[in-house]
$ cat input19.cif   # mmCIF, C-alpha atoms
data_structure
loop_
_atom_site.label_atom_id
_atom_site.label_comp_id
_atom_site.auth_asym_id
_atom_site.auth_seq_id
_atom_site.Cartn_x
_atom_site.Cartn_y
_atom_site.Cartn_z
CA MET W 1 136.74 277.38 140.95
CA THR W 2 133.02 276.69 141.04
CA SER W 3 131.02 276.60 137.82
CA LYS W 4 129.48 279.74 136.35
CA LEU W 5 126.07 278.22 137.05
CA ASP W 6 126.87 277.90 140.76
CA GLN W 7 128.27 281.44 140.80
CA LEU W 8 125.12 282.68 139.06
CA ARG W 9 122.94 280.98 141.65
CA GLU W 10 124.64 283.01 144.39
CA ILE W 11 123.38 286.30 142.91
CA THR W 12 120.35 285.36 140.77
CA THR W 13 117.41 282.99 141.19
CA VAL W 14 117.76 280.42 138.40
CA VAL W 15 114.57 279.20 136.72
CA ALA W 16 114.32 276.35 134.20
CA ASP W 17 112.67 277.21 130.89
CA THR W 18 111.51 273.68 130.14
CA GLY W 19 108.97 270.94 130.75
CA ASP W 20 111.71 268.29 130.58
CA ILE W 21 111.26 266.46 133.87
CA GLU W 22 114.65 264.75 133.74
CA ALA W 23 116.44 268.05 133.06
CA VAL W 24 114.64 269.76 135.95
CA ALA W 25 115.52 266.90 138.31
CA ARG W 26 119.17 267.08 137.22
CA LEU W 27 119.63 270.85 137.19
CA LYS W 28 117.57 271.66 140.29
CA PRO W 29 116.22 275.15 139.45
CA VAL W 30 114.19 277.09 142.01
CA ASP W 31 111.24 277.65 139.66
CA CYS W 32 109.99 276.37 136.31
CA THR W 33 108.25 278.21 133.52
CA THR W 34 106.11 276.65 130.81
CA ASN W 35 104.25 277.70 127.67
CA PRO W 36 102.23 275.79 125.03
CA SER W 37 105.41 274.89 123.12
CA ILE W 38 106.99 273.41 126.26
CA VAL W 39 103.80 271.54 127.20
CA LEU W 40 103.64 269.99 123.71
CA LYS W 41 107.24 268.78 123.97
CA ALA W 42 106.63 267.33 127.44
CA LEU W 43 103.54 265.45 126.30
CA GLY W 44 105.57 263.91 123.47
CA THR W 45 107.69 262.00 125.99
CA PRO W 46 106.82 258.54 127.42
CA MET W 47 106.63 260.06 130.91
CA PHE W 48 103.25 261.62 130.17
CA ALA W 49 101.64 258.70 128.35
CA ASP W 50 99.52 257.84 131.41
CA ALA W 51 98.53 261.50 131.86
CA ILE W 52 97.27 261.58 128.27
CA LYS W 53 95.23 258.40 128.81
CA GLU W 54 93.76 259.79 132.03
CA ALA W 55 92.86 263.12 130.45
CA VAL W 56 91.24 261.45 127.42
CA ALA W 57 89.24 259.10 129.68
CA TRP W 58 88.11 262.14 131.68
CA GLY W 59 87.21 263.94 128.46
CA LYS W 60 85.03 261.06 127.27
CA LYS W 61 82.86 261.51 130.36
CA GLN W 62 82.29 265.19 129.66
CA GLY W 63 79.25 266.17 127.67
CA GLY W 64 78.79 269.07 125.30
CA ASN W 65 80.52 270.54 122.28
CA PRO W 66 83.46 268.39 121.05
CA GLU W 67 85.60 271.49 120.54
CA ALA W 68 84.96 272.62 124.12
CA VAL W 69 85.76 269.12 125.40
CA SER W 70 89.06 268.97 123.50
CA SER W 71 89.97 272.40 124.87
CA ALA W 72 89.17 271.25 128.41
CA VAL W 73 91.28 268.11 127.97
CA ALA W 74 94.17 270.22 126.64
CA ASP W 75 93.89 272.40 129.75
CA ARG W 76 93.94 269.29 131.94
CA LEU W 77 97.13 268.09 130.25
CA ALA W 78 98.83 271.44 130.77
CA ILE W 79 97.98 271.17 134.46
CA SER W 80 99.39 267.62 134.50
CA VAL W 81 102.72 268.91 133.20
CA GLY W 82 102.69 271.76 135.71
CA ALA W 83 101.80 269.41 138.59
CA ALA W 84 104.72 267.13 137.71
CA LEU W 85 107.07 270.12 137.76
CA VAL W 86 105.71 271.36 141.11
CA LYS W 87 107.00 268.14 142.68
CA LEU W 88 110.52 268.89 141.51
CA VAL W 89 111.04 272.56 142.37
CA PRO W 90 110.82 274.34 145.72
CA GLY W 91 109.36 277.49 144.19
CA ARG W 92 106.78 278.34 141.54
CA VAL W 93 105.61 276.87 138.25
CA SER W 94 104.26 279.28 135.64
CA THR W 95 101.18 278.12 133.73
CA GLU W 96 99.99 280.06 130.72
CA VAL W 97 96.56 281.49 129.97
CA ASP W 98 95.55 280.61 126.39
CA ALA W 99 97.30 282.86 123.88
CA ASP W 100 94.06 283.32 121.92
CA LEU W 101 92.67 285.17 124.96
CA SER W 102 95.47 287.76 124.92
CA PHE W 103 93.10 290.59 123.96
CA ASP W 104 90.20 289.59 126.23
CA THR W 105 90.55 290.65 129.85
CA GLU W 106 87.42 288.94 131.19
CA ALA W 107 88.10 285.65 129.41
CA SER W 108 91.71 285.74 130.66
CA LEU W 109 90.45 286.23 134.22
CA ALA W 110 88.06 283.27 133.91
CA LYS W 111 90.80 281.03 132.52
CA ALA W 112 93.30 282.09 135.20
CA ARG W 113 90.83 281.33 137.98
CA ALA W 114 90.06 277.96 136.37
CA ILE W 115 93.79 277.12 136.29
CA ILE W 116 94.15 277.93 140.00
CA ALA W 117 91.06 275.81 140.78
CA ALA W 118 92.43 272.89 138.74
CA TYR W 119 95.69 272.96 140.68
CA LYS W 120 93.76 273.18 143.94
CA ASP W 121 91.86 270.01 142.96
CA ARG W 122 95.26 268.28 142.85
CA GLY W 123 96.26 269.62 146.25
CA ILE W 124 98.50 272.37 144.87
CA GLY W 125 98.00 275.82 146.37
CA GLN W 126 98.13 279.07 144.43
CA ASP W 127 101.30 279.99 146.30
CA ARG W 128 103.10 277.44 144.09
CA ILE W 129 101.74 278.78 140.80
CA LEU W 130 102.29 281.86 138.66
CA ILE W 131 99.62 282.68 136.11
CA LYS W 132 101.34 283.56 132.86
CA LEU W 133 99.76 286.21 130.65
CA ALA W 134 100.91 288.00 127.50
CA SER W 135 101.95 291.62 128.13
CA THR W 136 99.12 293.13 126.10
CA TRP W 137 97.09 295.96 127.61
CA GLU W 138 94.28 293.47 128.25
CA GLY W 139 96.63 290.89 129.78
CA ILE W 140 98.09 293.49 132.11
CA ARG W 141 94.61 294.57 133.20
CA ALA W 142 93.71 290.93 133.95
CA ALA W 143 96.90 290.60 136.00
CA GLU W 144 96.01 293.72 137.98
CA VAL W 145 92.73 292.12 139.06
CA LEU W 146 94.31 288.74 139.80
CA GLN W 147 97.03 290.34 141.93
CA LYS W 148 94.32 291.99 144.06
CA GLU W 149 92.81 288.52 144.52
CA GLY W 150 96.14 287.18 145.77
CA ILE W 151 96.96 285.31 142.54
CA ASP W 152 100.52 286.13 141.48
CA CYS W 153 101.20 286.67 137.78
CA ASN W 154 104.07 286.33 135.33
CA LEU W 155 103.73 288.75 132.40
CA THR W 156 105.42 287.23 129.37
CA LEU W 157 106.19 288.30 125.79
CA LEU W 158 107.56 291.56 127.17
CA PHE W 159 109.76 293.48 124.73
CA SER W 160 109.61 297.13 125.80
CA LYS W 161 109.90 299.53 128.68
CA ALA W 162 106.31 300.64 127.99
CA GLN W 163 105.10 297.13 128.81
CA ALA W 164 107.34 297.01 131.89
CA ILE W 165 106.02 300.35 133.19
CA ALA W 166 102.39 299.26 132.69
CA CYS W 167 103.13 296.01 134.56
CA ALA W 168 104.67 297.95 137.43
CA ASP W 169 101.60 300.22 137.56
CA ALA W 170 99.46 297.06 137.85
CA ASN W 171 101.61 295.71 140.74
CA VAL W 172 102.40 292.56 138.77
CA PHE W 173 104.44 289.99 140.72
CA LEU W 174 106.93 289.18 137.94
CA ILE W 175 107.76 290.12 134.35
CA SER W 176 109.64 288.08 131.75
CA PRO W 177 111.40 290.46 129.36
CA PHE W 178 112.64 288.52 126.33
CA VAL W 179 116.28 288.89 125.38
CA GLY W 180 116.97 286.57 122.47
CA ARG W 181 113.87 287.46 120.47
CA ILE W 182 114.80 291.14 120.65
CA LEU W 183 118.27 290.23 119.37
CA ASP W 184 116.71 288.15 116.57
CA TRP W 185 114.70 291.17 115.37
CA TYR W 186 117.66 293.53 115.35
CA LYS W 187 119.97 291.03 113.63
CA LYS W 188 117.38 290.51 110.91
CA SER W 189 116.68 294.25 110.64
CA THR W 190 120.27 295.45 110.55
CA GLY W 191 122.21 292.43 109.31
CA LYS W 192 124.66 293.09 112.13
CA ASP W 193 126.14 290.76 114.74
CA TYR W 194 126.21 291.98 118.34
CA THR W 195 128.48 291.27 121.29
CA ALA W 196 126.78 290.51 124.62
CA GLU W 197 127.41 294.08 125.78
CA GLU W 198 125.91 295.51 122.56
CA ASP W 199 123.01 293.05 122.49
CA PRO W 200 119.75 295.07 122.23
CA GLY W 201 117.93 292.45 124.32
CA VAL W 202 120.49 292.67 127.11
CA ILE W 203 120.36 296.48 127.01
CA SER W 204 116.54 296.41 127.19
CA VAL W 205 116.50 294.21 130.30
CA ARG W 206 119.21 296.30 131.96
CA GLU W 207 117.14 299.45 131.38
CA ILE W 208 114.00 297.85 132.81
CA TYR W 209 115.91 296.48 135.80
CA ASN W 210 117.42 299.91 136.48
CA TYR W 211 114.03 301.64 136.19
CA TYR W 212 112.49 299.23 138.70
CA LYS W 213 115.33 299.50 141.20
CA ALA W 214 115.58 303.29 140.84
CA ASN W 215 111.92 303.60 141.78
CA ASP W 216 111.75 300.84 144.42
CA ILE W 217 109.33 298.84 142.28
CA LYS W 218 108.86 295.39 143.82
CA THR W 219 107.95 293.59 140.58
CA ILE W 220 110.53 290.87 139.89
CA VAL W 221 112.53 291.08 136.66
CA MET W 222 113.15 287.65 135.13
CA GLY W 223 115.17 287.75 131.91
CA ALA W 224 114.03 285.11 129.41
CA SER W 225 114.52 283.78 125.86
CA PHE W 226 118.29 283.50 125.70
CA ARG W 227 120.30 282.70 122.59
CA SER W 228 123.69 282.27 124.27
CA ALA W 229 125.43 281.91 127.60
CA GLY W 230 126.99 285.31 126.91
CA GLU W 231 123.59 286.99 127.15
CA ILE W 232 122.99 285.29 130.50
CA GLU W 233 126.39 286.35 131.84
CA ALA W 234 125.67 289.93 130.72
CA LEU W 235 122.61 289.91 133.02
CA ALA W 236 124.23 288.19 136.02
CA GLY W 237 122.66 289.67 139.14
CA CYS W 238 119.20 290.16 137.60
CA ASP W 239 116.42 289.13 140.03
CA ARG W 240 115.73 285.91 138.13
CA LEU W 241 116.76 284.35 134.83
CA THR W 242 114.81 281.56 133.12
CA ILE W 243 117.22 279.41 131.13
CA SER W 244 116.91 276.41 128.81
CA PRO W 245 118.59 273.11 129.85
CA ASN W 246 121.27 273.28 127.13
CA LEU W 247 122.45 276.70 128.35
CA LEU W 248 122.22 275.61 132.00
CA ASP W 249 124.46 272.66 131.12
CA GLU W 250 126.90 274.96 129.31
CA LEU W 251 127.15 277.22 132.35
CA ALA W 252 127.55 274.19 134.63
CA LYS W 253 130.58 273.02 132.64
CA ASP W 254 132.28 276.44 132.55
CA GLU W 255 134.51 277.10 135.57
CA GLY W 256 135.56 280.60 134.56
CA LYS W 257 134.88 283.65 136.71
CA LEU W 258 131.42 285.17 136.49
CA GLU W 259 131.26 288.94 136.93
CA ARG W 260 128.14 290.49 138.47
CA LYS W 261 126.59 292.95 136.02
CA LEU W 262 123.40 294.04 137.80
CA SER W 263 122.72 294.99 141.40
CA PRO W 264 120.25 297.31 143.16
CA GLU W 265 123.17 299.33 144.52
CA SER W 266 124.37 300.26 141.04
CA ARG W 267 121.04 301.79 139.96
CA LYS W 268 121.00 305.19 138.29
CA PRO W 269 118.23 307.81 138.53
CA ASP W 270 115.31 307.17 136.15
CA PRO W 271 112.18 309.17 137.05
CA LYS W 272 109.04 307.15 137.62
CA VAL W 273 106.21 307.55 135.12
CA SER W 274 102.80 305.94 134.61
CA VAL W 275 101.08 304.98 131.38
CA ASP W 276 97.38 305.01 130.57
CA GLU W 277 95.91 302.95 127.73
CA LYS W 278 96.31 305.66 125.10
CA THR W 279 99.96 306.25 126.02
CA PHE W 280 100.70 302.52 126.17
CA ARG W 281 99.25 301.87 122.74
CA TRP W 282 101.07 304.84 121.23
CA MET W 283 104.42 303.80 122.74
CA MET W 284 103.93 300.28 121.39
CA ASN W 285 102.95 301.67 118.00
CA GLU W 286 106.19 303.66 117.89
CA ASP W 287 108.26 300.56 118.75
CA ALA W 288 108.21 298.36 115.65
CA MET W 289 110.29 295.63 117.28
CA ALA W 290 108.05 295.30 120.36
CA THR W 291 104.86 295.41 118.30
CA GLU W 292 106.06 292.79 115.82
CA LYS W 293 107.58 290.42 118.38
CA LEU W 294 104.55 290.59 120.70
CA ALA W 295 102.20 289.74 117.83
CA GLU W 296 104.54 287.03 116.54
CA GLY W 297 104.86 285.48 120.00
CA ILE W 298 101.10 285.37 120.52
CA ARG W 299 100.63 283.75 117.10
CA ALA W 300 103.31 281.14 117.83
CA PHE W 301 101.85 280.20 121.21
CA ALA W 302 98.35 280.12 119.72
CA LYS W 303 99.59 277.82 116.95
CA ASP W 304 101.10 275.40 119.46
CA LEU W 305 97.91 275.54 121.51
CA GLY W 306 95.99 274.66 118.36
CA THR W 307 98.35 271.75 117.72
CA LEU W 308 97.77 270.50 121.25
CA ARG W 309 94.00 270.71 120.85
CA THR W 310 94.17 268.87 117.50
CA MET W 311 96.22 266.12 119.14
CA VAL W 312 93.61 265.83 121.86
CA GLN W 313 90.78 265.67 119.31
CA LYS W 314 92.49 262.74 117.57
CA GLU W 315 93.00 260.95 120.89
CA LEU W 316 89.33 261.46 121.77
CA GLN W 317 88.23 260.15 118.37
CA LEU W 318 90.43 257.06 118.73
CA ALA W 319 89.04 256.43 122.21
CA ALA W 320 85.47 256.71 120.91
CA ALA W 321 86.06 254.30 117.99
#
$ encode --input "input19.cif" --output "structure tokens"
Amino acid sequence: MTSKLDQLREITTVVADTGDIEAVARLKPVDCTTNPSIVLKALGTPMFADAIKEAVAWGKKQGGNPEAVSSAVADRLAISVGAALVKLVPGRVSTEVDADLSFDTEASLAKARAIIAAYKDRGIGQDRILIKLASTWEGIRAAEVLQKEGIDCNLTLLFSKAQAIACADANVFLISPFVGRILDWYKKSTGKDYTAEEDPGVISVREIYNYYKANDIKTIVMGASFRSAGEIEALAGCDRLTISPNLLDELAKDEGKLERKLSPESRKPDPKVSVDEKTFRWMMNEDAMATEKLAEGIRAFAKDLGTLRTMVQKELQLAAA
């Protein structure tokens, strides 16, 4: 019997949710996805010591406001992590627009274009990159513009069908509905434990997947933020799943039978709808879980981005001493 990971790969595109170069090389995912937390962890390893030195040396040559310079160096380091991952996967690497721009469409567009240009400077085409944006109304609007420019986007921090519908309306390339964080909210709210089949995060992704397939929506559904292998198995057959190395290893060691749970052929009717800004904001307002987890996720990514910038500031100060 082949491992559950190998069986999963036959029906789902497996993506690594990590910046751990050694894990990516070992587990051989098709794509990689990053965020500020992952970039921070990657930069804490010896492998990126030279990249930090290079970025700091580059930063010293830049004039202007020290805060702007540290931000630019932090951006350069995020690209360094992404560029290293591009060498290891045949598909795409997601790179995140700053979380503190999540409510600013124009600033998000400028940052996304700068990310694509920075990769191009390293000989990496936009066909290898996904621009990652929070699934706020403003982030979705930025993605709509970028998609028209041929820049594919990954809409993250997605917790509700309202967000998924708005992303579909914007012709977004890919969405990352979060599973584990939805489960976290419900466990805390209800005090109840859930089986994989009862898991509110699993149910949410299944509903979004069905809605997309029922309406021939081309946007890719990539389940994310898993707490257990059981959640992953409950979504076997989803377009893509982005999985942490520890759960990939667990699936690789398990030689049990993996049952397919999702397929386009099993879709059920779910009439297509569209959402304008007023409707989107009202639907989010009525969904306490989605509202709270979206805000919490943006704060967490912004905090890690701040930590990265502070680290860069210290490195620049040391280099100037």
$ atom_distance --input "input19.cif" --atom1 "atom CA of W:Lys192" --atom2 "atom CA of W:Cys238"
26.2 Å
$ resolve_selection --input "input19.cif" --expression "the PyMOL selection byres ((chain W and resi 42) around 8)" --output "VMD selection string"
chain W and resid 19 to 21 38 to 41 43 to 45 48 81
$ write_last_selection --input "input19.cif" --atoms "C-alpha atoms" --output "mmCIF file, keeping the file's coordinate frame"
data_model
loop_
_atom_site.group_PDB
_atom_site.id
_atom_site.type_symbol
_atom_site.label_atom_id
_atom_site.label_comp_id
_atom_site.auth_asym_id
_atom_site.auth_seq_id
_atom_site.Cartn_x
_atom_site.Cartn_y
_atom_site.Cartn_z
ATOM 1 C CA GLY W 19 108.970 270.940 130.750
ATOM 2 C CA ASP W 20 111.710 268.290 130.580
ATOM 3 C CA ILE W 21 111.260 266.460 133.870
ATOM 4 C CA ILE W 38 106.990 273.410 126.260
ATOM 5 C CA VAL W 39 103.800 271.540 127.200
ATOM 6 C CA LEU W 40 103.640 269.990 123.710
ATOM 7 C CA LYS W 41 107.240 268.780 123.970
ATOM 8 C CA LEU W 43 103.540 265.450 126.300
ATOM 9 C CA GLY W 44 105.570 263.910 123.470
ATOM 10 C CA THR W 45 107.690 262.000 125.990
ATOM 11 C CA PHE W 48 103.250 261.620 130.170
ATOM 12 C CA VAL W 81 102.720 268.910 133.200
#
$ closest_residue --input "input19.cif" --among "W:Arg128, W:Lys293, W:Lys314, W:Lys261" --to "W:Leu8" --atoms "only C-alpha atoms"
W:Lys261
$ residues_around --input "input19.cif" --residues "W:Ile52" --least-positions-apart "4" --cutoff "9 Å" --atoms "only C-alpha atoms" --output "ChimeraX atom specification"
/W:43,48,56-57,73,77,80,312,315
$ atom_distance --input "input19.cif" --atom1 "atom CA of W:Ser3" --atom2 "atom CA of W:Gly180"
23.1 Å
$ atom_distance --input "input19.cif" --atom1 "atom CA of W:Trp137" --atom2 "atom CA of W:Thr219"
17.1 Å
$ resolve_selection --input "input19.cif" --expression "the PyMOL selection byres ((chain W and resi 118) around 12)" --output "NGL selection string"
:W and (72-73 or 75-80 or 82-83 or 95 or 111-117 or 119-126 or 129)
$ closest_residue --input "input19.cif" --among "W:Lys268, W:Lys28, W:Arg206, W:Arg92" --to "W:Asp152" --atoms "all atoms listed in the file"
W:Arg92
$ closest_residue --input "input19.cif" --among "W:Ile208, W:Leu235, W:Leu109, W:Leu158" --to "W:Leu146" --atoms "all atoms listed in the file"
W:Leu109
$ residues_near_point --input "input19.cif" --point "(115.5, 293.2, 134.5)" --cutoff "10 Å" --atoms "all atoms listed in the file" --output "count of residues only"
30
$ closest_residue --input "input19.cif" --among "W:Leu101, W:Ile182, W:Leu130, W:Val93" --to "W:Leu294" --atoms "all atoms listed in the file"
W:Ile182
$ residues_around --input "input19.cif" --residues "stretch 85-89 of chain W" --least-positions-apart "5" --cutoff "7 Å" --atoms "only C-alpha atoms" --output "VMD selection string"
chain W and resid 21 24 to 25 28 to 31
$ write_last_selection --input "input19.cif" --atoms "C-alpha atoms" --output "CSV table (one decimal), in the frame of the given file"
chain,number,residue,atom,x,y,z
W,21,ILE,CA,111.3,266.5,133.9
W,24,VAL,CA,114.6,269.8,136.0
W,25,ALA,CA,115.5,266.9,138.3
W,28,LYS,CA,117.6,271.7,140.3
W,29,PRO,CA,116.2,275.2,139.4
W,30,VAL,CA,114.2,277.1,142.0
W,31,ASP,CA,111.2,277.6,139.7
